Every structure is written in structure tokens, then in C-alpha cells.
$ cat start.cif   # mmCIF, C-alpha atoms
data_protein
loop_
_atom_site.label_atom_id
_atom_site.label_comp_id
_atom_site.auth_asym_id
_atom_site.auth_seq_id
_atom_site.Cartn_x
_atom_site.Cartn_y
_atom_site.Cartn_z
CA MET A 1 20.74 4.97 46.33
CA ILE A 2 20.64 3.71 42.75
CA ASN A 3 20.74 6.27 39.94
CA GLY A 4 21.60 6.44 36.26
CA LYS A 5 25.33 6.45 36.94
CA THR A 6 24.92 3.21 38.89
CA LEU A 7 23.40 1.50 35.85
CA ILE A 8 26.04 2.90 33.49
CA ASP A 9 28.80 1.72 35.81
CA LEU A 10 27.23 -1.75 35.71
CA GLY A 11 27.61 -1.73 31.90
CA TYR A 12 24.15 -0.63 30.73
CA LYS A 13 23.70 2.01 28.03
CA PRO A 14 21.35 4.91 28.83
CA SER A 15 17.87 3.89 27.68
CA LYS A 16 14.25 4.92 28.01
CA TRP A 17 13.73 2.15 30.62
CA PHE A 18 16.26 3.68 33.07
CA ASN A 19 13.67 5.72 35.02
CA SER A 20 11.31 2.82 35.70
CA ILE A 21 14.20 0.52 36.69
CA ILE A 22 15.69 3.11 39.04
CA SER A 23 12.33 3.76 40.73
CA TYR A 24 11.63 0.05 41.19
CA ALA A 25 15.15 -0.71 42.47
CA ASN A 26 15.07 2.05 45.08
CA GLU A 27 11.53 1.25 46.23
CA ASN A 28 12.49 -2.41 46.74
CA ASN A 29 16.07 -1.88 48.00
CA LEU A 30 17.52 -4.24 45.39
CA ASN A 31 21.12 -5.41 45.76
CA THR A 32 23.38 -5.72 42.73
CA GLU A 33 22.39 -9.32 41.91
CA GLN A 34 18.70 -8.58 42.30
CA LEU A 35 19.13 -5.48 40.16
CA HIS A 36 20.77 -7.48 37.34
CA ASN A 37 17.99 -10.10 37.50
CA HIS A 38 15.26 -7.47 37.41
CA ILE A 39 16.87 -5.65 34.49
CA SER A 40 17.21 -8.94 32.58
CA SER A 41 13.49 -9.59 33.02
CA ILE A 42 12.49 -6.10 31.86
CA ILE A 43 14.77 -4.76 29.15
CA PRO A 44 14.24 -5.75 25.52
CA LYS A 45 16.35 -8.65 24.31
CA VAL A 46 18.72 -7.72 21.49
CA VAL A 47 18.09 -9.80 18.38
CA GLU A 48 20.38 -10.33 15.40
CA PRO A 49 19.59 -10.80 11.70
CA LEU A 50 19.17 -14.42 10.60
CA SER A 51 22.35 -16.03 9.29
CA SER A 52 20.56 -16.89 6.03
CA PRO A 53 17.19 -15.91 4.52
CA ILE A 54 14.12 -18.06 5.08
CA GLY A 55 12.63 -19.75 2.01
CA PHE A 56 9.62 -18.20 0.29
CA HIS A 57 6.90 -19.06 -2.25
CA GLN A 58 7.60 -17.95 -5.82
CA ASN A 59 4.33 -17.62 -7.74
CA ILE A 60 5.98 -16.24 -10.85
CA LEU A 61 7.39 -17.58 -14.12
CA ALA A 62 10.10 -16.23 -16.43
CA GLU A 63 8.87 -16.30 -20.02
CA ASN A 64 11.76 -14.42 -21.60
CA GLU A 65 15.19 -13.02 -20.80
CA GLY A 66 13.73 -9.77 -19.49
CA ASP A 67 11.44 -11.68 -17.13
CA ALA A 68 14.35 -13.73 -15.83
CA LYS A 69 16.45 -10.64 -15.07
CA ASN A 70 13.53 -8.99 -13.34
CA ILE A 71 12.78 -12.09 -11.23
CA ASP A 72 16.43 -12.43 -10.24
CA SER A 73 16.32 -8.86 -8.90
CA VAL A 74 13.10 -9.57 -7.02
CA ILE A 75 14.51 -12.76 -5.47
CA SER A 76 17.67 -10.93 -4.44
CA ALA A 77 15.63 -8.18 -2.79
CA MET A 78 13.43 -10.70 -0.99
CA ASN A 79 16.42 -12.67 0.27
CA GLU A 80 17.89 -9.51 1.76
CA ILE A 81 14.65 -8.76 3.59
CA LEU A 82 14.12 -12.35 4.73
CA THR A 83 17.09 -12.29 7.09
CA THR A 84 15.04 -9.96 9.32
CA PRO A 85 14.51 -11.88 12.58
CA THR A 86 10.75 -11.27 12.73
CA VAL A 87 9.91 -12.95 9.40
CA ILE A 88 8.22 -16.36 9.31
CA ASP A 89 6.89 -16.66 5.72
CA ALA A 90 6.81 -14.81 2.42
CA ALA A 91 5.63 -14.99 -1.19
CA ILE A 92 5.87 -13.12 -4.48
CA MET A 93 3.19 -12.69 -7.14
CA PRO A 94 3.38 -12.77 -10.97
CA ASP A 95 3.48 -8.96 -11.09
CA ALA A 96 6.53 -8.73 -8.81
CA CYS A 97 9.11 -6.08 -9.64
CA PRO A 98 11.97 -4.67 -7.55
CA THR A 99 11.93 -1.30 -5.81
CA GLY A 100 14.90 0.11 -3.91
CA LYS A 101 17.77 -1.80 -2.33
CA GLY A 102 16.70 -3.53 0.88
CA GLU A 103 13.01 -2.82 0.27
CA ILE A 104 10.17 -5.28 -0.22
CA PRO A 105 9.43 -5.66 -3.95
CA VAL A 106 6.10 -4.67 -5.41
CA GLY A 107 4.10 -7.90 -5.57
CA GLY A 108 5.71 -9.19 -2.39
CA ILE A 109 4.11 -10.42 0.84
CA VAL A 110 6.09 -10.81 4.05
CA ALA A 111 4.56 -12.39 7.17
CA THR A 112 6.08 -11.46 10.53
CA LYS A 113 5.39 -12.46 14.12
CA ASN A 114 4.39 -9.74 16.60
CA ALA A 115 5.93 -7.05 14.40
CA ILE A 116 4.64 -4.28 12.12
CA HIS A 117 7.21 -3.04 9.60
CA PRO A 118 6.21 0.40 8.23
CA SER A 119 8.59 0.18 5.27
CA MET A 120 6.86 -3.01 4.11
CA HIS A 121 3.55 -1.21 3.53
CA SER A 122 5.34 1.92 2.21
CA ALA A 123 4.20 5.54 2.40
CA ASP A 124 1.20 4.85 0.13
CA ILE A 125 -0.72 3.21 2.97
CA CYS A 126 -3.94 1.46 1.92
CA CYS A 127 -3.48 2.00 -1.80
CA SER A 128 -6.74 0.44 -2.96
CA VAL A 129 -9.41 0.10 -5.63
CA MET A 130 -13.18 0.57 -5.41
CA ALA A 131 -15.85 -0.30 -8.00
CA THR A 132 -19.44 0.97 -8.24
CA ASP A 133 -22.01 -0.58 -10.57
CA LEU A 134 -23.89 2.25 -12.35
CA GLY A 135 -26.27 0.03 -14.26
CA TYR A 136 -26.70 1.00 -17.91
CA ALA A 137 -25.33 4.52 -17.53
CA ASP A 138 -23.64 6.01 -20.60
CA PRO A 139 -19.88 5.54 -19.98
CA LYS A 140 -19.04 8.85 -21.68
CA ARG A 141 -21.44 10.69 -19.42
CA VAL A 142 -19.90 9.00 -16.40
CA LEU A 143 -16.35 9.89 -17.51
CA ASP A 144 -17.37 13.50 -18.21
CA ALA A 145 -18.94 13.75 -14.75
CA ALA A 146 -15.87 12.17 -13.22
CA PHE A 147 -13.52 14.64 -14.92
CA GLU A 148 -15.56 17.52 -13.45
CA THR A 149 -15.48 15.90 -10.00
CA THR A 150 -12.16 14.21 -9.31
CA HIS A 151 -8.90 15.92 -8.33
CA PHE A 152 -5.42 14.64 -9.19
CA GLY A 153 -1.98 16.00 -8.52
CA ILE A 154 0.05 17.48 -5.71
CA GLY A 155 -1.80 18.98 -2.76
CA GLY A 156 -5.48 18.83 -1.89
CA ARG A 157 -8.71 20.80 -1.97
CA ASP A 158 -9.40 24.02 -0.11
CA ARG A 159 -12.16 23.90 2.50
CA ASP A 160 -14.69 25.59 0.18
CA ASN A 161 -14.20 22.96 -2.52
CA GLN A 162 -14.67 19.81 -0.44
CA LEU A 163 -16.70 16.91 -1.81
CA VAL A 164 -17.47 15.79 1.73
CA ARG A 165 -16.59 17.04 5.19
CA LEU A 166 -14.50 14.93 7.51
CA PRO A 167 -17.04 13.20 9.80
CA SER A 168 -16.81 14.24 13.44
CA ASP A 169 -16.47 10.66 14.71
CA LEU A 170 -13.55 10.02 12.35
CA LYS A 171 -11.95 13.29 13.41
CA GLU A 172 -12.24 12.19 17.05
CA LYS A 173 -10.51 8.89 16.24
CA ILE A 174 -7.70 10.77 14.52
CA MET A 175 -7.21 13.16 17.42
CA SER A 176 -7.23 10.37 19.99
CA ASN A 177 -4.46 8.36 18.31
CA TYR A 178 -0.83 8.87 19.34
CA TYR A 179 0.50 8.75 15.75
CA LEU A 180 -2.23 10.84 14.10
CA ASN A 181 -2.87 13.52 16.70
CA SER A 182 -1.19 16.53 15.08
CA ASN A 183 -2.28 19.60 13.15
CA LYS A 184 -0.32 18.38 10.13
CA SER A 185 -2.10 15.02 10.10
CA LEU A 186 -5.52 16.58 10.60
CA ASN A 187 -4.91 19.11 7.85
CA TYR A 188 -4.11 16.29 5.42
CA ALA A 189 -7.23 14.43 6.54
CA HIS A 190 -9.34 17.48 5.68
CA THR A 191 -7.74 18.79 2.50
CA HIS A 192 -6.79 15.53 0.78
CA LEU A 193 -10.25 14.02 1.15
CA GLY A 194 -11.78 13.59 -2.32
CA THR A 195 -8.41 13.59 -4.13
CA GLN A 196 -6.46 10.89 -5.96
CA GLY A 197 -2.80 11.87 -6.04
CA ASP A 198 -0.57 11.16 -9.02
CA GLY A 199 1.59 8.37 -10.47
CA ASN A 200 -0.34 5.20 -11.31
CA HIS A 201 -3.54 6.24 -9.52
CA PHE A 202 -6.52 6.45 -11.83
CA LEU A 203 -10.27 6.75 -12.37
CA PHE A 204 -11.52 4.10 -14.80
CA VAL A 205 -14.87 3.68 -16.56
CA GLY A 206 -15.78 0.45 -18.29
CA LYS A 207 -18.46 -2.15 -18.94
CA SER A 208 -18.92 -5.53 -17.31
CA LYS A 209 -18.31 -8.38 -19.71
CA SER A 210 -20.97 -10.46 -17.95
CA ASN A 211 -23.94 -8.08 -17.87
CA GLY A 212 -23.02 -4.91 -19.80
CA HIS A 213 -23.33 -2.65 -16.76
CA THR A 214 -21.17 0.45 -16.56
CA TYR A 215 -18.66 0.44 -13.71
CA LEU A 216 -16.76 3.28 -12.11
CA VAL A 217 -13.42 2.22 -10.59
CA THR A 218 -11.05 4.41 -8.60
CA HIS A 219 -7.47 3.63 -7.56
CA HIS A 220 -5.61 5.61 -4.91
CA GLY A 221 -4.33 5.44 -1.35
CA SER A 222 -4.42 7.60 1.73
CA ARG A 223 -2.48 10.53 0.25
CA GLY A 224 -0.62 12.84 2.64
CA PHE A 225 -2.64 11.58 5.59
CA GLY A 226 -1.18 8.08 5.26
CA ALA A 227 2.27 9.30 4.24
CA ASN A 228 2.47 11.30 7.45
CA LEU A 229 1.61 8.18 9.47
CA TYR A 230 4.32 6.28 7.60
CA ASN A 231 6.91 8.87 8.62
CA GLU A 232 5.78 8.72 12.24
CA GLY A 233 5.83 4.92 12.15
CA MET A 234 9.31 4.74 10.66
CA TYR A 235 10.60 7.12 13.33
CA LYS A 236 9.16 4.96 16.10
CA ALA A 237 10.38 1.75 14.43
CA GLN A 238 13.93 3.15 14.31
CA MET A 239 13.80 3.87 18.03
CA PHE A 240 12.90 0.22 18.68
CA ARG A 241 15.53 -1.01 16.22
CA GLN A 242 18.29 0.91 17.96
CA GLU A 243 17.19 -0.66 21.23
CA ILE A 244 16.50 -4.27 20.24
CA ALA A 245 17.99 -4.91 16.77
CA PRO A 246 20.77 -2.43 15.96
CA SER A 247 22.33 -4.77 13.36
CA VAL A 248 19.13 -5.03 11.28
CA ASN A 249 18.87 -2.99 8.07
CA PRO A 250 17.24 0.33 9.08
CA LYS A 251 14.72 -0.06 6.25
CA ASN A 252 13.39 -3.20 7.91
CA ALA A 253 12.87 -1.74 11.39
CA TRP A 254 9.69 -2.74 13.17
CA ILE A 255 7.31 -1.79 15.96
CA PRO A 256 6.59 -4.73 18.30
CA TYR A 257 2.84 -5.27 18.42
CA ASN A 258 2.86 -6.32 22.09
CA THR A 259 3.70 -2.77 23.13
CA LYS A 260 1.48 0.29 23.52
CA GLU A 261 3.28 1.82 20.55
CA GLY A 262 2.49 -1.28 18.48
CA ASN A 263 -1.19 -1.32 19.43
CA ASP A 264 -1.49 2.39 18.73
CA TYR A 265 0.16 1.97 15.33
CA TRP A 266 -2.17 -0.87 14.38
CA GLU A 267 -5.14 1.28 15.39
CA ALA A 268 -3.74 4.19 13.34
CA LEU A 269 -3.57 1.93 10.29
CA GLN A 270 -7.26 1.06 10.73
CA ILE A 271 -8.16 4.75 10.98
CA VAL A 272 -6.24 5.45 7.77
CA ARG A 273 -8.08 2.54 6.14
CA GLU A 274 -11.42 4.05 7.19
CA TRP A 275 -10.38 7.45 5.82
CA THR A 276 -9.26 5.94 2.50
CA LYS A 277 -12.52 4.09 2.04
CA LEU A 278 -14.40 7.35 2.67
CA ASN A 279 -12.12 9.03 0.14
CA HIS A 280 -13.18 6.54 -2.55
CA GLU A 281 -16.84 6.75 -1.55
CA SER A 282 -16.89 10.56 -1.66
CA LEU A 283 -15.80 10.49 -5.31
CA HIS A 284 -18.16 7.68 -6.30
CA ASP A 285 -21.15 9.30 -4.60
CA ALA A 286 -20.46 12.74 -6.08
CA ILE A 287 -20.15 11.30 -9.59
CA LYS A 288 -23.23 9.13 -9.14
CA VAL A 289 -25.31 12.22 -8.26
CA LYS A 290 -24.45 13.66 -11.69
CA VAL A 291 -25.81 10.52 -13.38
CA SER A 292 -28.42 10.01 -10.68
CA ARG A 293 -31.09 8.13 -12.57
CA PHE A 294 -28.72 5.17 -12.84
CA LEU A 295 -28.82 3.49 -9.44
CA TYR A 296 -25.93 1.25 -8.57
CA SER A 297 -26.64 -2.33 -7.50
CA ASP A 298 -23.22 -3.17 -6.09
CA ARG A 299 -20.08 -1.59 -4.67
CA PHE A 300 -16.96 -3.30 -3.43
CA TRP A 301 -13.35 -2.50 -2.71
CA ASN A 302 -10.05 -3.93 -1.55
CA GLU A 303 -6.64 -2.70 -0.51
CA HIS A 304 -3.44 -3.98 -2.09
CA ASN A 305 -0.89 -2.00 -0.08
CA PHE A 306 -1.51 -2.66 3.57
CA VAL A 307 -0.83 -4.82 6.62
CA PHE A 308 -3.24 -7.63 7.45
CA LYS A 309 -3.44 -9.37 10.82
CA LYS A 310 -4.26 -12.93 11.83
CA ASP A 311 -3.67 -13.61 15.54
CA ASP A 312 -0.15 -12.24 16.16
CA ILE A 313 0.99 -12.72 12.54
CA PHE A 314 1.14 -9.62 10.33
CA TYR A 315 0.99 -9.98 6.55
CA HIS A 316 2.68 -7.03 4.85
CA ALA A 317 1.42 -6.76 1.27
CA LYS A 318 3.34 -4.37 -0.95
CA GLY A 319 1.15 -4.36 -4.02
CA ALA A 320 -0.71 -7.66 -3.51
CA THR A 321 -4.47 -8.24 -3.41
CA PRO A 322 -5.86 -9.98 -0.31
CA MET A 323 -8.13 -12.79 -1.48
CA THR A 324 -9.30 -14.32 1.80
CA ASN A 325 -12.25 -12.64 3.53
CA ASP A 326 -10.31 -12.79 6.80
CA PHE A 327 -8.20 -9.94 5.44
CA VAL A 328 -11.10 -7.81 4.11
CA PRO A 329 -13.57 -7.69 7.01
CA ASP A 330 -16.06 -5.41 5.25
CA SER A 331 -16.29 -7.58 2.13
CA THR A 332 -19.93 -8.47 1.41
CA ASN A 333 -19.56 -10.46 -1.80
CA GLY A 334 -15.99 -11.81 -1.77
CA LEU A 335 -15.12 -9.91 -4.96
CA ARG A 336 -11.70 -8.39 -5.56
CA LEU A 337 -10.39 -5.99 -8.21
CA VAL A 338 -7.12 -6.50 -10.12
CA PRO A 339 -6.43 -3.76 -12.71
CA LEU A 340 -3.81 -4.48 -15.40
CA ASN A 341 -3.33 -1.37 -17.54
CA MET A 342 -5.54 1.33 -19.08
CA SER A 343 -6.13 -0.66 -22.29
CA GLU A 344 -6.97 -3.97 -20.58
CA PRO A 345 -10.01 -5.12 -18.60
CA ILE A 346 -9.99 -4.92 -14.81
CA LEU A 347 -10.27 -8.46 -13.46
CA VAL A 348 -13.01 -9.21 -10.94
CA MET A 349 -11.84 -12.17 -8.89
CA LYS A 350 -12.80 -14.48 -6.06
CA GLU A 351 -10.70 -16.57 -3.71
CA SER A 352 -9.41 -19.99 -4.68
CA THR A 353 -7.62 -22.65 -2.66
CA ASN A 354 -3.88 -22.13 -2.78
CA ASN A 355 -1.13 -23.08 -0.35
CA THR A 356 1.65 -20.94 -1.80
CA SER A 357 0.07 -17.47 -2.00
CA LEU A 358 -0.48 -16.77 1.74
CA GLY A 359 -4.00 -15.71 0.76
CA PHE A 360 -3.04 -13.12 -1.88
CA ALA A 361 -3.14 -12.50 -5.64
CA PRO A 362 -1.40 -9.94 -7.89
CA HIS A 363 -2.49 -6.32 -7.64
CA GLY A 364 -1.90 -5.56 -11.31
CA ALA A 365 0.54 -6.22 -14.13
CA GLY A 366 3.73 -4.84 -12.57
CA ARG A 367 6.61 -3.22 -14.42
CA GLU A 368 9.45 -4.76 -16.41
CA TYR A 369 11.46 -1.52 -16.28
CA SER A 370 11.60 1.56 -14.10
CA ARG A 371 9.62 4.62 -15.22
CA THR A 372 12.82 6.39 -16.34
CA GLU A 373 14.14 3.38 -18.27
CA HIS A 374 10.78 2.81 -19.97
CA CYS A 375 10.61 6.43 -21.15
CA ARG A 376 14.21 6.30 -22.39
CA ILE A 377 13.50 3.18 -24.46
CA LYS A 378 10.13 4.27 -25.88
CA LEU A 379 11.11 7.84 -26.75
CA GLN A 380 14.09 6.83 -28.90
CA ASN A 381 12.07 6.67 -32.11
CA LYS A 382 8.73 8.33 -31.31
CA ASN A 383 7.50 11.35 -29.40
CA GLY A 384 5.09 11.15 -26.50
CA TYR A 385 2.00 12.12 -28.49
CA GLU A 386 2.67 9.43 -31.12
CA LEU A 387 3.03 6.80 -28.41
CA PHE A 388 -0.16 7.99 -26.74
CA GLU A 389 -2.17 7.82 -29.98
CA GLU A 390 -0.80 4.38 -30.80
CA GLU A 391 -1.35 2.78 -27.39
CA THR A 392 -4.76 4.28 -26.49
CA GLN A 393 -6.52 3.90 -29.82
CA GLY A 394 -10.26 3.45 -29.32
CA LEU A 395 -10.13 4.59 -25.70
CA ASP A 396 -11.10 7.86 -24.03
CA VAL A 397 -7.97 8.52 -21.97
CA ARG A 398 -7.58 11.88 -20.21
CA PHE A 399 -4.78 13.37 -18.16
CA PHE A 400 -5.89 15.73 -15.41
CA SER A 401 -2.76 17.88 -15.76
CA GLY A 402 -3.19 18.13 -19.52
CA LYS A 403 0.24 16.56 -20.05
CA ILE A 404 0.81 12.97 -21.17
CA ASP A 405 2.61 10.70 -18.72
CA ILE A 406 4.49 8.22 -20.90
CA SER A 407 5.35 6.08 -17.87
CA GLU A 408 1.67 5.16 -17.43
CA LEU A 409 0.91 4.00 -20.97
CA PRO A 410 0.13 0.28 -21.46
CA SER A 411 3.63 -0.54 -22.68
CA ALA A 412 5.04 0.56 -19.30
CA TYR A 413 3.58 -2.58 -17.74
CA LYS A 414 4.14 -6.30 -18.09
CA ASN A 415 2.11 -8.23 -20.65
CA ALA A 416 -1.41 -8.56 -19.25
CA GLU A 417 -2.10 -11.95 -20.84
CA LYS A 418 1.00 -13.41 -19.17
CA ILE A 419 -0.21 -12.18 -15.79
CA LYS A 420 -3.66 -13.70 -16.34
CA LYS A 421 -2.13 -17.05 -17.40
CA GLN A 422 0.07 -17.13 -14.30
CA ILE A 423 -2.90 -16.35 -12.05
CA THR A 424 -4.49 -19.49 -13.45
CA HIS A 425 -1.27 -21.51 -13.40
CA PHE A 426 -0.65 -20.84 -9.70
CA ASN A 427 -4.36 -20.92 -8.81
CA LEU A 428 -4.14 -17.48 -7.21
CA GLY A 429 -7.82 -16.67 -7.70
CA ILE A 430 -10.83 -17.24 -9.92
CA VAL A 431 -11.71 -14.59 -12.52
CA VAL A 432 -15.51 -14.24 -12.40
CA ASP A 433 -15.88 -11.12 -14.56
CA GLU A 434 -13.94 -8.49 -16.46
CA ILE A 435 -14.64 -4.74 -16.66
CA GLU A 436 -13.72 -3.83 -20.22
CA PRO A 437 -12.27 -0.33 -20.65
CA TYR A 438 -14.12 2.65 -22.07
CA GLY A 439 -11.64 5.20 -20.78
CA CYS A 440 -9.85 6.58 -17.78
CA ILE A 441 -8.46 9.67 -16.09
CA MET A 442 -4.95 9.85 -14.70
CA SER A 443 -2.92 12.63 -13.16
CA GLY A 444 -0.60 12.96 -16.13
CA HIS A 445 2.87 14.45 -16.06
CA VAL A 446 3.38 16.89 -13.21
CA ASP A 447 6.56 18.87 -12.61
CA LYS A 448 7.59 18.15 -9.04
CA PRO A 449 8.23 21.42 -7.11
CA TRP A 450 11.10 19.84 -5.17
CA LYS A 451 12.83 18.82 -8.42
CA LYS A 452 12.46 22.32 -9.82
CA LYS A 453 14.05 23.70 -6.67
CA LYS A 454 17.01 21.34 -7.07
#
$ encode --input "start.cif" --output "C-alpha cells"
Amino acid sequence: MINGKTLIDLGYKPSKWFNSIISYANENNLNTEQLHNHISSIIPKVVEPLSSPIGFHQNILAENEGDAKNIDSVISAMNEILTTPTVIDAAIMPDACPTGKGEIPVGGIVATKNAIHPSMHSADICCSVMATDLGYADPKRVLDAAFETTHFGIGGRDRDNQLVRLPSDLKEKIMSNYYLNSNKSLNYAHTHLGTQGDGNHFLFVGKSKSNGHTYLVTHHGSRGFGANLYNEGMYKAQMFRQEIAPSVNPKNAWIPYNTKEGNDYWEALQIVREWTKLNHESLHDAIKVKVSRFLYSDRFWNEHNFVFKKDDIFYHAKGATPMTNDFVPDSTNGLRLVPLNMSEPILVMKESTNNTSLGFAPHGAGREYSRTEHCRIKLQNKNGYELFEEETQGLDVRFFSGKIDISELPSAYKNAEKIKKQITHFNLGIVVDEIEPYGCIMSGHVDKPWKKKK
């Protein structure tokens, strides 16, 4: 009779596959040799990190010493990631900037085979932008209506203050998915609907350079709903890593797609994408009602923080805009949105032929310095209000919290003209229009409760 002790005595570590192996071995009266052969055909093969990183496409130029230092950090971060045994290709965009050690940089794309890496899409799953054409609506009226409607900051809306109810069919999808089926997840799906979070998320109002129409643009991700999926995904990825790739950096753990867990995670990502699109639409529709005589003639959106699939290859974009329609299945006009900063136009782009971008473009301007470092530098000689007045002159910029967030002013980002020139230089996309800024709403500075506690 074969049992767990038998397998341990043969040199195998206790694993989740023990029960199925034991049942099969006893049902088929396997001898020791047959048992070894069966186990070899069933258990996951342990894989090691690559001895050296694979090469990757660098769609970025250093135009000064600061750029060079920033790019060196990005390249170093990418090289660390690109020893992960699942990777087959990668690229960086002109807006690339490093995040934490061992993490994919913002503006990075990593393609992997049969593997979804939760850390490579980050907790802000499906961070995205949506634009609605409001015709010749008065931009001030639109921004006023938006300020009355949107919701920034920590937490969500109570049930009596919902812009839209969670549709029953979407709720059913959530409850039928292994990763999303929890009271915590469902609560986020309800209460965070119609909200925009904090940080660099925004609501922007501007006019099209080509036809003078007023556009409403929102930027946010899946809020707590997506962050909860990220946590669940990372937990599952770590379980697989311990089993099949214990020497790989824990931050780069993955869920094999050719498993039930992998298929369920991919499906969960699509549900979160559907929820996020509804989140944008609920805000746009509610604001449109308040300026209802101005009918919109177009609406489009795109993610820039997501995982995109082509056959068994997964493209992890951490702050990179998918340009090919293969990656944006609900695209009707092929248009993409690339915001730069609150004082610059939002670029409206279409795909161009490029062999070094993996089908992506920048998602914005990127940062030269961290938020903390930027504030330290800028506040040496001026206070926050002086900086705000200087950098937003002529614009209607509002902070939902009532407190200025210095780390989101235009100077916190790379030079927009340089980004536009590099888009052209590397043929990353074709700019077909620009939405020139009237004003925007951002969360503004918010004291984090967890920091206060510390």
C-alpha cells in the first residue's frame, strides 16, 4: 500500500499532487519503477532563472544627464526581470521610469510564454483612459458637472450614493470566478463603482484641436476590486513558484496559463476589465446627463496597465498603451489616448508599423524623479501654492480633496515635447489629433490613514 510516507521515503517533498499520485498508484498496483515514471510524467518540472537576461527593445533616448541616469536604472531593472525563465521578448517606451527593485518599470512590456505574472500588471489592474466627445458643450459647464459627479480619494460610495448599480450579469460573473468570489471582492465591486481613486488618476476636460469639440477624459483603474484580485493572484503565483521555480525572484512569480488556476485568473482579469469600463462609462454618462443637450458623437477607451494575450503569449504592459487592435477587442475606431500632463494636450493616436515596440506606445510622459524627490527639489525655494499658480496658469485645475498635490503638477513629469519627438523617432504611433486642456480634477493630497497610524 503506497501512502505519503512512501513518497517521502523515495525522496519527494510533500506536495499538493500527493493525493492524486497515491490514488493512481494504488488503483494500478504500481511498482517502484512504474511509480517513479508516473510521478515524472505528472509533477511540475522545476525551472531555474536564465543565466543571463534576454535582449530587449529600447525605444527611448537620453537627451541629458538626468535622462541617462533614469534609463540606466530602467535597463538595470529590466535585466533583472529578464532572467525569469518564462520571458521571450520585452521592450521599453520613451516614458519609462523605474519602480521598485526587481519590478517591471513603468513604460515596460514583457512578453511571456504560457505564464501570467501578476506583479507585471501591478495592483492597479486595467488602469485606463476613456474619452467622450460632447460636441460644442461649454468646457466650464462640463467641468462643473464633473466636479459634482465624480468621487476621488480613499474608499468608495455608500449604496445610497451610487451612480449606477452593479449589473446582475456582471455580479454573476464575479461570483462564479474562483479569484473574485468573496464578500470582500463583491463589496469593492459595489462601493468603488463610479470612483476614481487618487495619485495620478484624473478627470480632464479639453477641446479637440481638429474640430473644436469638447472632450471629457477620465483616467483610473479598477480600484479596490482589482487590487484584491492582484493580492489573490500573487498568492496563487507564489504557490506555483515554490513548486516549480523556487529560485526565481518572488516578485516575478507566475501562474501557468495551461492550468485551471491560470484559466480562471485570465477570466478574472477580463471581468475586472469589464468592471473598469463600466466604471468609466458610469461617470461619463452621469456627467453627460447634466449637459444633456450636447450629444456625443464618439467614445473610445484603452487600457495601459494590463495583460494582453496572443495565442499562448502574454504581453504584460506596465504603463504602456496597446496600439494594435488585436489587444483592444472592443475598439471601433482604432484610436488610443496618451495623456502627458495636466498642462499639455492628450494625444489621440493610431497604430503605425513598428518592429521594436511589440505593438505598444507610451502611456504618458513618465517621471524623471520619484514623487518624494520631486517635492523635495521643488519646495526648496517656493511653497506649494506658488508652484501651483505658476504651473497651472490659464487652466482650471481642481483638487477633489481641496489640498494641492505637488507631485502631480506638470514639472513632476518628463518633458512632453521630448516624449512626442521620441514617439515619432521610433514610429510608435501616429498622432491624429490632440485634446487641448481646459482644466482637470485630481484627487489632491490625501493623508493616508495607515501613515497616520504609524
$ closest_residue --input "start.cif" --among "A:Gly359, A:Gly197, A:Pro44, A:Pro53" --to "Asp124 (chain A)" --atoms "all atoms listed in the file"
A:Gly197
$ resolve_selection --input "start.cif" --expression "the PyMOL selection byres ((chain A and resi 394) around 9)" --output "PyMOL selection string"
chain A and resi 392-393+395-396+438-439
$ resolve_selection --input "start.cif" --expression "the PyMOL selection byres ((chain A and resi 251) around 12)" --output "PyMOL selection string"
chain A and resi 80-81+84+100-104+117-122+233-235+237-238+241+246-250+252-254
$ resolve_selection --input "start.cif" --expression "the PyMOL selection byres ((chain A and resi 195) around 10)" --output "JSON, numbers by chain"
{"A": [149, 150, 151, 152, 153, 154, 155, 156, 157, 162, 163, 191, 192, 193, 194, 196, 197, 198, 220, 221, 222, 223, 279, 280, 282, 283]}
$ atom_distance --input "start.cif" --atom1 "CA of Tyr230 (chain A)" --atom2 "CA of Ala123 (chain A)"
5.3 Å
